[in-house]
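**Student:** File name coords.csv; file contents CSV, C-alpha atoms and all ligand atoms; full text below.
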```
chain,number,residue,atom,x,y,z
A,13,MET,CA,203.3,163.5,92.6
A,14,PHE,CA,203.5,162.6,89.0
A,15,ASN,CA,200.2,164.1,88.1
A,16,LEU,CA,199.6,164.9,84.4
A,17,ASP,CA,196.1,166.4,84.5
A,18,GLY,CA,195.6,168.8,81.6
A,19,LYS,CA,198.7,167.7,79.8
A,20,ARG,CA,198.7,166.4,76.2
A,21,ALA,CA,201.0,163.7,75.2
A,22,LEU,CA,201.9,162.2,71.8
A,23,VAL,CA,203.2,158.7,71.9
A,24,THR,CA,204.6,157.1,68.8
A,25,GLY,CA,204.8,153.3,68.5
A,26,ALA,CA,201.8,153.1,70.8
A,27,THR,CA,200.8,149.9,68.9
A,28,GLY,CA,203.9,148.2,70.2
A,29,GLY,CA,204.7,146.6,73.5
A,30,LEU,CA,206.4,149.5,75.3
A,31,GLY,CA,204.5,152.3,73.6
A,32,GLY,CA,201.2,150.8,74.7
A,33,GLU,CA,202.3,150.7,78.3
A,34,ILE,CA,203.7,154.2,78.1
A,35,ALA,CA,200.4,155.5,76.7
A,36,LYS,CA,198.4,153.8,79.4
A,37,MET,CA,200.6,155.1,82.1
A,38,LEU,CA,200.5,158.7,81.0
A,39,HIS,CA,196.7,158.4,80.5
A,40,ALA,CA,196.2,156.9,84.0
A,41,ARG,CA,198.0,159.9,85.4
A,42,GLY,CA,195.5,162.3,83.7
A,43,ALA,CA,197.1,163.2,80.4
A,44,HIS,CA,195.2,163.3,77.1
A,45,VAL,CA,197.1,160.9,74.9
A,46,ALA,CA,197.5,160.9,71.1
A,47,ILE,CA,198.5,157.4,70.1
A,48,SER,CA,200.3,156.8,66.9
A,49,GLY,CA,201.4,153.9,64.8
A,50,THR,CA,200.6,152.3,61.5
A,51,ARG,CA,198.3,149.4,62.5
A,52,ALA,CA,194.8,151.0,62.6
A,53,GLU,CA,193.1,148.1,64.5
A,54,LYS,CA,195.7,148.1,67.2
A,55,LEU,CA,195.3,151.8,67.7
A,56,GLN,CA,191.5,151.4,67.8
A,57,SER,CA,191.6,148.7,70.4
A,58,LEU,CA,194.0,150.7,72.6
A,59,ALA,CA,191.7,153.7,72.2
A,60,SER,CA,188.7,151.7,73.3
A,61,GLU,CA,190.6,150.3,76.3
A,62,LEU,CA,191.5,153.8,77.4
A,63,GLY,CA,188.1,155.3,76.8
A,64,ASP,CA,188.2,159.1,77.1
A,65,ARG,CA,191.1,161.5,76.7
A,66,VAL,CA,192.5,159.6,73.8
A,67,SER,CA,193.0,160.5,70.1
A,68,ILE,CA,194.2,158.3,67.3
A,69,VAL,CA,196.8,159.8,65.0
A,70,PRO,CA,198.1,157.2,62.5
A,71,CYS,CA,201.5,158.0,60.8
A,72,ASN,CA,204.1,156.2,58.9
A,73,LEU,CA,207.4,157.4,60.3
A,74,SER,CA,209.3,156.5,57.2
A,75,ASP,CA,207.5,159.3,55.4
A,76,GLY,CA,209.1,162.6,56.3
A,77,ASP,CA,206.2,164.8,55.2
A,78,ALA,CA,203.8,162.7,57.2
A,79,VAL,CA,206.1,162.9,60.3
A,80,ASP,CA,206.2,166.7,60.0
A,81,ALA,CA,202.4,166.8,60.0
A,82,LEU,CA,201.9,164.5,62.9
A,83,PRO,CA,202.3,167.0,65.8
A,84,LYS,CA,199.7,169.3,64.1
A,85,ALA,CA,197.4,166.4,63.6
A,86,ALA,CA,197.8,165.5,67.3
A,87,GLU,CA,197.2,169.1,68.3
A,88,ALA,CA,194.0,169.3,66.2
A,89,ALA,CA,192.8,166.0,67.6
A,90,MET,CA,193.5,166.9,71.2
A,91,GLY,CA,192.3,170.5,71.1
A,92,GLY,CA,195.8,171.8,72.0
A,93,ALA,CA,199.4,171.5,71.4
A,94,VAL,CA,201.6,168.5,72.5
A,95,ASP,CA,203.2,169.1,75.9
A,96,ILE,CA,204.8,165.7,76.1
A,97,LEU,CA,206.4,163.9,73.1
A,98,VAL,CA,207.4,160.3,73.6
A,99,ALA,CA,209.3,159.2,70.5
A,100,ASN,CA,209.1,155.5,71.1
A,101,ALA,CA,208.6,153.9,67.8
A,102,GLY,CA,211.7,152.0,66.6
A,103,ILE,CA,212.7,149.2,64.3
A,104,THR,CA,215.6,146.8,63.8
A,105,ARG,CA,217.1,145.5,60.6
A,106,ASP,CA,219.9,143.3,62.0
A,107,GLY,CA,222.8,141.9,60.2
A,108,LEU,CA,226.6,142.0,60.2
A,109,LEU,CA,228.0,145.1,58.6
A,110,MET,CA,229.7,143.0,55.9
A,111,ARG,CA,226.3,141.9,54.8
A,112,MET,CA,224.2,145.0,55.6
A,113,LYS,CA,222.3,146.5,52.7
A,114,GLN,CA,222.1,150.2,52.2
A,115,ASP,CA,218.3,150.0,52.6
A,116,ASP,CA,218.7,148.4,56.0
A,117,TRP,CA,220.8,151.3,57.1
A,118,ASP,CA,218.7,154.0,55.6
A,119,LEU,CA,215.4,152.8,56.9
A,120,VAL,CA,216.6,152.4,60.5
A,121,GLN,CA,218.0,155.9,60.5
A,122,LYS,CA,214.9,157.3,59.0
A,123,VAL,CA,212.4,155.6,61.4
A,124,ASN,CA,214.5,155.7,64.6
A,125,LEU,CA,216.5,158.9,64.3
A,126,GLU,CA,215.2,161.2,61.6
A,127,SER,CA,211.7,161.0,62.9
A,128,TYR,CA,212.9,162.0,66.3
A,129,PHE,CA,214.5,165.1,64.8
A,130,ARG,CA,211.4,166.0,62.8
A,131,LEU,CA,208.9,165.4,65.7
A,132,SER,CA,211.0,167.3,68.2
A,133,LYS,CA,211.3,170.3,65.8
A,134,ALA,CA,207.6,170.4,65.1
A,135,CYS,CA,206.7,170.1,68.8
A,136,LEU,CA,209.1,172.6,70.1
A,137,ARG,CA,207.5,175.9,69.1
A,138,PRO,CA,204.4,175.6,71.3
A,139,MET,CA,206.4,174.1,74.1
A,140,MET,CA,208.8,177.0,74.1
A,141,LYS,CA,205.8,179.4,74.0
A,142,SER,CA,204.2,177.8,77.0
A,143,ARG,CA,207.5,177.5,78.8
A,144,TRP,CA,206.8,173.8,79.5
A,145,GLY,CA,207.6,170.8,77.5
A,146,ARG,CA,208.9,167.2,77.7
A,147,ILE,CA,210.7,165.4,75.0
A,148,ILE,CA,211.4,161.8,75.7
A,149,GLY,CA,213.3,159.5,73.3
A,150,ILE,CA,213.2,155.8,73.8
A,151,THR,CA,216.7,154.7,72.9
A,152,SER,CA,218.4,151.4,73.9
A,153,VAL,CA,221.2,150.1,76.0
A,154,VAL,CA,222.7,149.0,72.8
A,155,GLY,CA,223.2,152.6,71.7
A,156,VAL,CA,225.7,153.0,74.5
A,157,THR,CA,227.3,149.5,74.7
A,158,GLY,CA,227.1,148.5,71.0
A,159,ASN,CA,226.0,145.1,69.9
A,160,PRO,CA,227.3,142.9,67.0
A,161,GLY,CA,224.8,142.7,64.2
A,162,GLN,CA,223.3,146.1,65.1
A,163,THR,CA,225.6,148.7,63.7
A,164,ASN,CA,222.6,150.5,62.1
A,165,TYR,CA,220.3,150.2,65.1
A,166,ALA,CA,223.0,151.1,67.6
A,167,ALA,CA,224.1,154.2,65.6
A,168,SER,CA,220.5,155.4,65.4
A,169,LYS,CA,220.0,155.0,69.2
A,170,ALA,CA,223.3,156.6,70.0
A,171,GLY,CA,222.3,159.4,67.6
A,172,MET,CA,219.1,159.9,69.6
A,173,ILE,CA,221.2,160.4,72.8
A,174,GLY,CA,223.6,163.0,71.2
A,175,PHE,CA,220.6,164.8,69.7
A,176,SER,CA,218.9,164.9,73.0
A,177,LYS,CA,221.9,166.3,74.9
A,178,SER,CA,222.3,169.0,72.3
A,179,LEU,CA,218.7,170.0,72.2
A,180,ALA,CA,218.5,169.9,76.0
A,181,GLN,CA,221.1,172.6,76.2
A,182,GLU,CA,219.4,174.7,73.6
A,183,VAL,CA,216.0,174.8,75.3
A,184,ALA,CA,216.7,174.2,79.0
A,185,SER,CA,216.1,177.9,79.8
A,186,ARG,CA,212.6,177.6,78.4
A,187,GLY,CA,211.3,174.9,80.7
A,188,VAL,CA,211.6,172.2,78.1
A,189,THR,CA,213.5,169.1,79.1
A,190,VAL,CA,214.9,166.5,76.7
A,191,ASN,CA,215.8,163.1,78.0
A,192,CYS,CA,216.2,159.5,76.8
A,193,ILE,CA,215.2,156.2,78.3
A,194,ALA,CA,217.5,153.3,77.5
A,195,PRO,CA,215.7,150.0,78.1
A,196,GLY,CA,217.8,146.8,78.5
A,197,PHE,CA,216.1,143.5,77.8
A,198,ILE,CA,212.4,144.0,78.1
A,199,ALA,CA,209.9,141.1,77.8
A,200,SER,CA,208.1,141.5,74.5
A,201,PRO,CA,206.8,139.3,71.6
A,202,MET,CA,210.4,139.4,70.4
A,203,THR,CA,211.9,138.0,73.6
A,204,ASP,CA,208.9,135.5,74.0
A,205,ALA,CA,210.2,133.9,70.8
A,206,LEU,CA,213.6,133.1,72.3
A,207,ASN,CA,214.1,129.5,73.4
A,208,GLU,CA,215.0,128.5,77.0
A,209,SER,CA,218.8,128.4,76.5
A,210,GLN,CA,218.8,131.7,74.7
A,211,LYS,CA,216.8,133.2,77.6
A,212,GLU,CA,219.2,131.7,80.1
A,213,ALA,CA,222.2,133.1,78.4
A,214,ILE,CA,220.7,136.6,78.5
A,215,LEU,CA,219.7,136.3,82.1
A,216,THR,CA,223.2,135.5,83.2
A,217,LYS,CA,224.1,139.0,82.1
A,218,ILE,CA,221.3,140.7,84.1
A,219,PRO,CA,222.1,141.1,87.8
A,220,ALA,CA,218.4,141.6,88.6
A,221,GLY,CA,217.9,138.0,87.2
A,222,ASP,CA,214.9,138.8,85.1
A,223,LEU,CA,213.8,140.6,82.0
A,224,GLY,CA,212.2,144.0,82.4
A,225,SER,CA,208.5,144.7,81.7
A,226,GLY,CA,206.8,147.4,79.7
A,227,ALA,CA,205.7,148.9,83.0
A,228,ASP,CA,209.3,149.4,84.1
A,229,ILE,CA,209.8,151.6,81.0
A,230,ALA,CA,206.4,153.3,81.4
A,231,ASN,CA,207.3,154.3,85.0
A,232,ALA,CA,210.5,155.9,83.8
A,233,ALA,CA,208.6,157.8,81.1
A,234,LEU,CA,206.1,159.0,83.7
A,235,TYR,CA,208.9,160.3,85.9
A,236,LEU,CA,210.6,162.2,83.1
A,237,ALA,CA,207.2,163.6,81.9
A,238,SER,CA,206.3,164.9,85.3
A,239,ASN,CA,206.8,168.2,86.9
A,240,GLU,CA,208.9,166.5,89.5
A,241,ALA,CA,211.6,165.9,86.9
A,242,SER,CA,211.8,169.5,85.8
A,243,TYR,CA,215.5,169.8,86.7
A,244,VAL,CA,216.5,166.7,84.9
A,245,THR,CA,217.5,167.2,81.3
A,246,GLY,CA,219.9,165.8,78.7
A,247,GLN,CA,220.1,162.6,80.6
A,248,THR,CA,219.7,159.0,79.6
A,249,LEU,CA,217.9,156.9,82.2
A,250,HIS,CA,219.0,153.3,81.9
A,251,VAL,CA,216.3,150.8,82.9
A,252,ASN,CA,218.0,147.5,82.5
A,253,GLY,CA,218.1,145.5,85.7
A,254,GLY,CA,221.8,146.3,86.1
A,255,MET,CA,223.0,144.7,82.9
A,256,ALA,CA,225.1,147.7,82.0
A,257,MET,CA,226.0,150.4,84.5
A,258,ILE,CA,227.0,153.5,82.6
B,16,MET,CA,205.2,201.5,59.0
B,17,SER,CA,204.3,203.2,62.3
B,18,ASP,CA,201.8,200.6,63.0
B,19,VAL,CA,204.3,197.9,62.5
B,20,LEU,CA,206.8,199.7,64.7
B,21,ALA,CA,204.3,200.0,67.5
B,22,ARG,CA,203.4,196.3,67.3
B,23,VAL,CA,207.0,195.2,67.1
B,24,THR,CA,207.9,197.5,70.0
B,25,LYS,CA,205.1,196.1,72.2
B,26,MET,CA,206.1,192.5,71.4
B,27,VAL,CA,209.8,193.1,72.1
B,28,VAL,CA,208.9,194.8,75.4
B,29,GLU,CA,206.8,191.9,76.4
B,30,HIS,CA,209.1,189.1,75.2
B,31,LEU,CA,212.4,190.5,76.5
B,32,ASP,CA,210.9,192.3,79.5
B,33,VAL,CA,212.7,195.6,78.8
B,34,GLU,CA,211.6,199.2,79.1
B,35,GLU,CA,209.9,200.6,76.1
B,36,ASP,CA,212.2,203.6,75.8
B,37,LYS,CA,215.1,201.2,75.2
B,38,VAL,CA,213.4,199.7,72.1
B,39,THR,CA,214.7,202.1,69.5
B,40,GLY,CA,215.3,201.4,65.8
B,41,ASN,CA,219.0,200.8,66.4
B,42,ALA,CA,218.5,198.6,69.4
B,43,HIS,CA,220.3,195.3,68.9
B,44,PHE,CA,218.3,192.4,70.3
B,45,ILE,CA,221.3,190.7,71.7
B,46,ASP,CA,223.8,193.5,72.5
B,47,ASP,CA,221.4,196.1,73.7
B,48,LEU,CA,218.2,194.3,74.8
B,49,GLY,CA,219.7,191.3,76.6
B,50,ALA,CA,218.3,188.7,74.2
B,51,ASP,CA,220.0,185.3,73.7
B,52,SER,CA,220.0,183.5,70.4
B,53,LEU,CA,217.0,181.5,71.3
B,54,ASP,CA,215.1,184.8,72.1
B,55,ASN,CA,215.9,185.9,68.6
B,56,VAL,CA,214.4,182.7,67.2
B,57,GLU,CA,211.3,183.1,69.4
B,58,LEU,CA,210.9,186.7,68.4
B,59,VAL,CA,211.0,185.8,64.7
B,60,MET,CA,208.4,183.1,65.3
B,61,ALA,CA,206.2,185.6,67.2
B,62,PHE,CA,206.5,188.1,64.3
B,63,GLU,CA,205.5,185.5,61.9
B,64,GLU,CA,202.4,184.8,63.8
B,65,GLU,CA,201.5,188.4,64.7
B,66,PHE,CA,201.8,189.6,61.1
B,67,ASP,CA,200.9,186.3,59.4
B,68,ILE,CA,204.0,186.2,57.3
B,69,GLU,CA,206.8,183.8,56.6
B,70,ILE,CA,210.3,184.8,57.6
B,71,PRO,CA,212.8,182.4,55.9
B,72,ASP,CA,215.8,181.3,57.9
B,73,ASP,CA,218.3,183.3,55.9
B,74,ALA,CA,216.3,186.4,56.3
B,75,ALA,CA,215.8,185.8,60.0
B,76,GLU,CA,219.6,185.7,60.4
B,77,HIS,CA,219.7,189.3,59.3
B,78,ILE,CA,217.1,190.5,61.7
B,79,GLN,CA,219.4,191.7,64.5
B,80,THR,CA,217.9,195.0,65.5
B,81,VAL,CA,214.4,196.4,66.0
B,82,GLY,CA,214.8,198.4,62.9
B,83,ASP,CA,215.7,195.3,60.9
B,84,ALA,CA,212.6,193.7,62.0
B,85,VAL,CA,210.3,196.6,61.3
B,86,LYS,CA,211.9,197.1,57.8
B,87,PHE,CA,211.5,193.4,56.9
B,88,ILE,CA,207.9,193.1,58.2
B,89,SER,CA,206.8,196.4,56.6
B,90,GLU,CA,208.1,195.2,53.2
B,91,LYS,CA,206.3,191.9,53.6
B,92,VAL,CA,203.0,193.3,54.8
B,93,GLY,CA,203.2,196.0,52.1
C,1,LIG,N1,211.7,145.5,73.8
C,1,LIG,C1,213.0,145.7,74.2
C,1,LIG,O1,213.6,144.9,74.8
C,1,LIG,C2,213.7,147.0,73.8
C,1,LIG,C3,215.0,147.2,74.3
C,1,LIG,C4,215.6,148.4,74.0
C,1,LIG,C5,215.0,149.4,73.3
C,1,LIG,N2,213.7,149.2,72.8
C,1,LIG,C6,213.1,150.3,72.1
C,1,LIG,O2,211.8,150.6,72.6
C,1,LIG,C7,211.0,151.0,71.5
C,1,LIG,C8,209.7,150.2,71.5
C,1,LIG,O3,210.0,148.9,71.4
C,1,LIG,P1,209.0,147.6,71.5
C,1,LIG,O4,209.7,146.5,72.2
C,1,LIG,O5,207.7,148.1,72.0
C,1,LIG,O6,208.8,147.3,69.9
C,1,LIG,P2,207.6,146.8,69.1
C,1,LIG,O7,206.6,146.1,69.9
C,1,LIG,O8,208.2,146.2,67.9
C,1,LIG,O9,207.0,148.2,68.6
C,1,LIG,C9,207.5,149.0,67.7
C,1,LIG,C10,206.6,150.2,67.4
C,1,LIG,O10,207.2,151.0,66.4
C,1,LIG,C11,206.2,151.3,65.5
C,1,LIG,N3,206.8,151.5,64.2
C,1,LIG,C12,207.7,150.8,63.5
C,1,LIG,N4,208.0,151.2,62.3
C,1,LIG,C13,207.1,152.3,62.1
C,1,LIG,C14,206.9,153.2,61.1
C,1,LIG,N5,207.6,153.1,59.9
C,1,LIG,N6,206.0,154.2,61.2
C,1,LIG,C15,205.3,154.3,62.4
C,1,LIG,N7,205.5,153.5,63.4
C,1,LIG,C16,206.4,152.5,63.3
C,1,LIG,C17,205.3,150.2,65.5
C,1,LIG,O11,204.0,150.6,65.0
C,1,LIG,P3,203.2,149.8,63.9
C,1,LIG,O12,203.4,148.3,64.1
C,1,LIG,O13,201.8,150.2,64.1
C,1,LIG,O14,203.7,150.2,62.6
C,1,LIG,C18,205.3,149.7,66.9
C,1,LIG,O15,204.2,150.4,67.6
C,1,LIG,C19,211.8,150.9,70.3
C,1,LIG,O16,212.3,152.2,69.9
C,1,LIG,C20,212.9,149.9,70.6
C,1,LIG,O17,214.0,150.2,69.8
C,1,LIG,C21,213.1,148.0,73.1
```
Rewrite the structure of this file - the entire thing - as structure tokens.

**Tutor:**
Amino acid sequence: MFNLDGKRALVTGATGGLGGEIAKMLHARGAHVAISGTRAEKLQSLASELGDRVSIVPCNLSDGDAVDALPKAAEAAMGGAVDILVANAGITRDGLLMRMKQDDWDLVQKVNLESYFRLSKACLRPMMKSRWGRIIGITSVVGVTGNPGQTNYAASKAGMIGFSKSLAQEVASRGVTVNCIAPGFIASPMTDALNESQKEAILTKIPAGDLGSGADIANAALYLASNEASYVTGQTLHVNGGMAMI
Amino acid sequence: MSDVLARVTKMVVEHLDVEEDKVTGNAHFIDDLGADSLDNVELVMAFEEEFDIEIPDDAAEHIQTVGDAVKFISEKVG
């Protein structure tokens, strides 16, 4: 079950909390992983930790041309095309709409949504040829529920979901699945910075009574990447301890 | 031209899993050969690779029959 021997995965945002866990999980199950991000030292230390079957493919996702070139770079580095794309990198530029700057809107759409479009498009051709592919977008519970102060972020994450459902229908007959994972509150450097009362306020909204971990998201990614999930497409898997049941 | 026709025919037979005698010049990929719109896209991509040419999207839209494909490719390959 959940064996990825011989598969090649590209994970964006691998320098971040969730992306690092996802890369480690896919790697542990046998995949060759191409890890991407902009922080070179972080990529290097993750690569050293993983040892073999790992390639470093830096990319700034706000640069469209660089994004278009990323799957080819991953292919060259891994000696074969990407079978599993995990579009995990994401940013926030929070603020009430009344105060939101155009740049805050544009950058979030570019990094979160437009890069998903570009990467999917570039990865699709070899996937369709080989009649096997997995495209996994890391979205957010907020893309479905909304959240004040996050109009830009929520729009980008909801956009990923609509994109995935449409693409899933286009390519389902070719053995390529397209799904999203929507994390709820996951422990990260960001949540570590919250004070006790902020944390408590969040926890009252989570039936499971605790924040999620990167491993919870990585487990979901492993499932969607596996052969066992071949009949699952166009879905959004919510991993949120019950905080929103949609 | 005939070489292009032979290669295109072979590719169409393989990709759409149809009998070779059905792959005539007038054969319409979707109406006659059972392709769906994604097959069309895939065929165009396969032609690009096989003949090492670029087929822009607006040209690809007009490649609806085997003859269309052969004509376009022959012109490109020269
Ligand atoms: N943590 C949560 O509670 C939570 C909840 C819901 C959804 N999510 C989603 O999960 C994903 C991962 O989140 P995380 O918590 O792991 O965040 P994180 O630790 O802040 O990591 C974000 C990642 O995105 C990359 N990134 C940002 N801007 C980039 C750019 N312009 N070009 C290339 N890479 C860029 C970063 O790479 P560099 O630093 O190397 O540039 C980093 O690896 C995000 O899409 C986020 O929206 C997280």

**Student:** Write out as a list in words the residues lying within 9 Å of Ile70 in chain B, counting only C-alpha atoms and excluding same-chain residues fewer than 6 positions away.

**Tutor:**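 Here the answer would be Val59, Met60, Phe62, Glu63, Phe87 and Ile88 of chain B.
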
**Student:** Would you write out those residues with C-alpha atoms, as a tab-separated table (two decimals), in the coordinates of the input?

**Tutor:**
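File written: part_8.tsv
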```
chain	number	residue	atom	x	y	z
B	59	VAL	CA	211.00	185.80	64.70
B	60	MET	CA	208.40	183.10	65.30
B	62	PHE	CA	206.50	188.10	64.30
B	63	GLU	CA	205.50	185.50	61.90
B	87	PHE	CA	211.50	193.40	56.90
B	88	ILE	CA	207.90	193.10	58.20
```

**Student:** Pull out every residue of chain A that has at least one atom within 12 Å of chain B, counting all atoms listed in the file, and report them as a list in words.

**Tutor:**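 Matching residues, ligands excluded from the count: Leu136, Arg137, Pro138, Met139, Met140, Lys141, Ser142, Arg143, Leu179, Gln181, Glu182, Val183, Ala184, Ser185 and Arg186 of chain A.
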
**Student:** Neighbours of Glu33 in chain A within 10 Å (all atoms listed in the file; same-chain residues fewer than 2 positions away dropped), as a ChimeraX atom specification?

**Tutor:** /A:26-31,35-39,225-231,233

**Student:** Once you have the residues from the selection above, write them out as a compact mmCIF listing (two decimals), keeping the file's coordinate frame, restricted to C-alpha atoms.

**Tutor:**
```
# COMPACT_ATOMS: atom_id res chain seq x y z
CA ALA A 26 201.80 153.10 70.80
CA THR A 27 200.80 149.90 68.90
CA GLY A 28 203.90 148.20 70.20
CA GLY A 29 204.70 146.60 73.50
CA LEU A 30 206.40 149.50 75.30
CA GLY A 31 204.50 152.30 73.60
CA ALA A 35 200.40 155.50 76.70
CA LYS A 36 198.40 153.80 79.40
CA MET A 37 200.60 155.10 82.10
CA LEU A 38 200.50 158.70 81.00
CA HIS A 39 196.70 158.40 80.50
CA SER A 225 208.50 144.70 81.70
CA GLY A 226 206.80 147.40 79.70
CA ALA A 227 205.70 148.90 83.00
CA ASP A 228 209.30 149.40 84.10
CA ILE A 229 209.80 151.60 81.00
CA ALA A 230 206.40 153.30 81.40
CA ASN A 231 207.30 154.30 85.00
CA ALA A 233 208.60 157.80 81.10
```

**Student:** In Å, rounded to a single decimal, give me how far CA of Met112 in chain A is from CA of Leu73 in chain A.

**Tutor:**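 Answer for the CA of Leu73 in chain A to CA of Met112 in chain A separation: 21.4 Å.
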
**Student:** Go ahead and compute the interatomic distance for CA of Leu58 in chain B and CA of Gly40 in chain B, in Å to one decimal.

**Tutor:** 15.6 Å

**Student:** So how many Å separate atom C5 of ligand LIG 1 (chain C) and CA of Leu108 in chain A, to one decimal?

**Tutor:**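 According to the coordinates, atom C5 of ligand LIG 1 (chain C) and CA of Leu108 in chain A are separated by 19.0 Å.
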